[in-house]
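A.B. asks: Have a look at this one.
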Amino acid sequence: GAVVSQHPSWVICKSGTSVKIECRSLDFQATTMFWYRQFPKKSLMLMATSNEGSKATYEQGVEKDKFLINHASLTLSTLTVTSAHPEDSSFYICSALTGYNEQFFGPGTRLTVL
Amino acid sequence: AQSVTQPDIHITVSEGASLELRCNYSYGATPYLFWYVQSPGQGLQLLLKYFSGDTLVQGIKGFEAEFKRSQSSFNLRKPSVHWSDAAEYFCAGALNNDMRFGAGTRLTVKP
């Protein structure tokens, strides 16, 4: 099956700094990628839909200025958590949509903000 | 509104026993349906999916699921659970590339 990677797999940062998370489709091109957030012992919450070459579509309640998404190529989408605070600590998971409308998920990035 | 419901938050079964995890969906049309498994601190692994056709779907690791339109359900089953099956299981539905997840069911396997 298709492979999606995320980098880094975990990151610890100080409050007020920005963190960039990369999501790559390794063996296919993805015009659409998705970013999810998962709180401990909770389900995945869709944050935004990332479209190559255009602006991301954010779900209601997700601050677009806080969570910057860039999808500059068909294999890479990035999520930047700006001015991170402890409440942003979470598990962030991306997925990429194949041409057959299947989503493949990355392994996730654990963000801890001190 | 489109939604997926997993009624059971936590299930405990003995190793070797059978397992059924429940999933119900609420959509205007029949969505694509998926079951994923997540081990602690890990991403999601697809167990199986239903797009159309045969309503009994076979997946990896000995899992299967049955789509029942009349009950709006897509329950996951395994005839004999192994200790390594302990994990969090998520049911998901997708329509027009909009994927919604259930709240998850945590499976504990007793020796």
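Chain lettering (A, B, ...) mirrors the order of the structure tokens, residue numbering begins at 1 for each chain separately, and ligand numbering begins at 1 in order of display.
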Hey, could you make a per-residue contact list for chain A against chain B with 7 Å as the cut-off, showing the nearest pair of atoms and its distance in Å to one decimal, counting only C-alpha atoms, sorted by chain and number, as a tab-separated table?

C.D. replies:
residue	atom	partner	partner_atom	distance
A:Lys42	CA	B:Ala103	CA	6.4
A:Ser43	CA	B:Ala103	CA	4.8
A:Leu44	CA	B:Phe101	CA	6.5
A:Asn101	CA	B:Asn97	CA	6.9
A:Phe105	CA	B:Leu44	CA	6.2
A:Gly106	CA	B:Gly43	CA	6.2
A:Pro107	CA	B:Gly43	CA	3.9
A:Gly108	CA	B:Gly43	CA	5.3

A.B. asks: Hey, what's within 9 Å of B:Leu19 if we count only C-alpha atoms and toss same-chain stuff fewer than 6 positions away? As a VMD selection string, please?

C.D. replies: chain B and resid 13 76 to 81

A.B. asks: Name the closest residue to A:Glu87 among the candidates A:Ala2, A:Met45, A:Ser18, A:Val113; distances are taken between atoms, counting only C-alpha atoms.

C.D. replies: A:Val113

A.B. asks: Set the distance at 8 Å and use only C-alpha atoms: which residues neighbour A:Ser83 once local chain neighbours fewer than 3 positions away are removed? I'd like the list as a list of chain:residue names.

C.D. replies: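 Selected residues are A:Ser15, A:Gly16, A:Thr17, A:Ser18, A:Lys66.
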
A.B. asks: Restricting the calculation to only C-alpha atoms, which member of A:Gln38, A:Thr112, A:Ser9, A:Ser95 is positioned closest to A:Thr75?

C.D. replies: A:Ser95

A.B. asks: Rounded to one decimal place, report the atom CA of B:Glu20-atom CA of B:Pro111 distance in Å.

C.D. replies: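 Between atom CA of B:Glu20 and atom CA of B:Pro111 the gap works out to 18.1 Å.
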
A.B. asks: Taking only chain B into account, list the residues labelled strand (DSSP E or B) by DSSP (computed from the backbone), as JSON, numbers by chain.

C.D. replies: {"B": [3, 4, 5, 10, 11, 12, 13, 14, 19, 20, 21, 24, 25, 26, 32, 33, 34, 35, 36, 37, 38, 44, 45, 46, 47, 48, 49, 50, 56, 57, 58, 64, 65, 66, 67, 68, 73, 74, 75, 76, 77, 78, 87, 88, 89, 90, 91, 92, 93, 94, 95, 98, 99, 100, 101, 105, 106, 107, 108, 109, 110]}
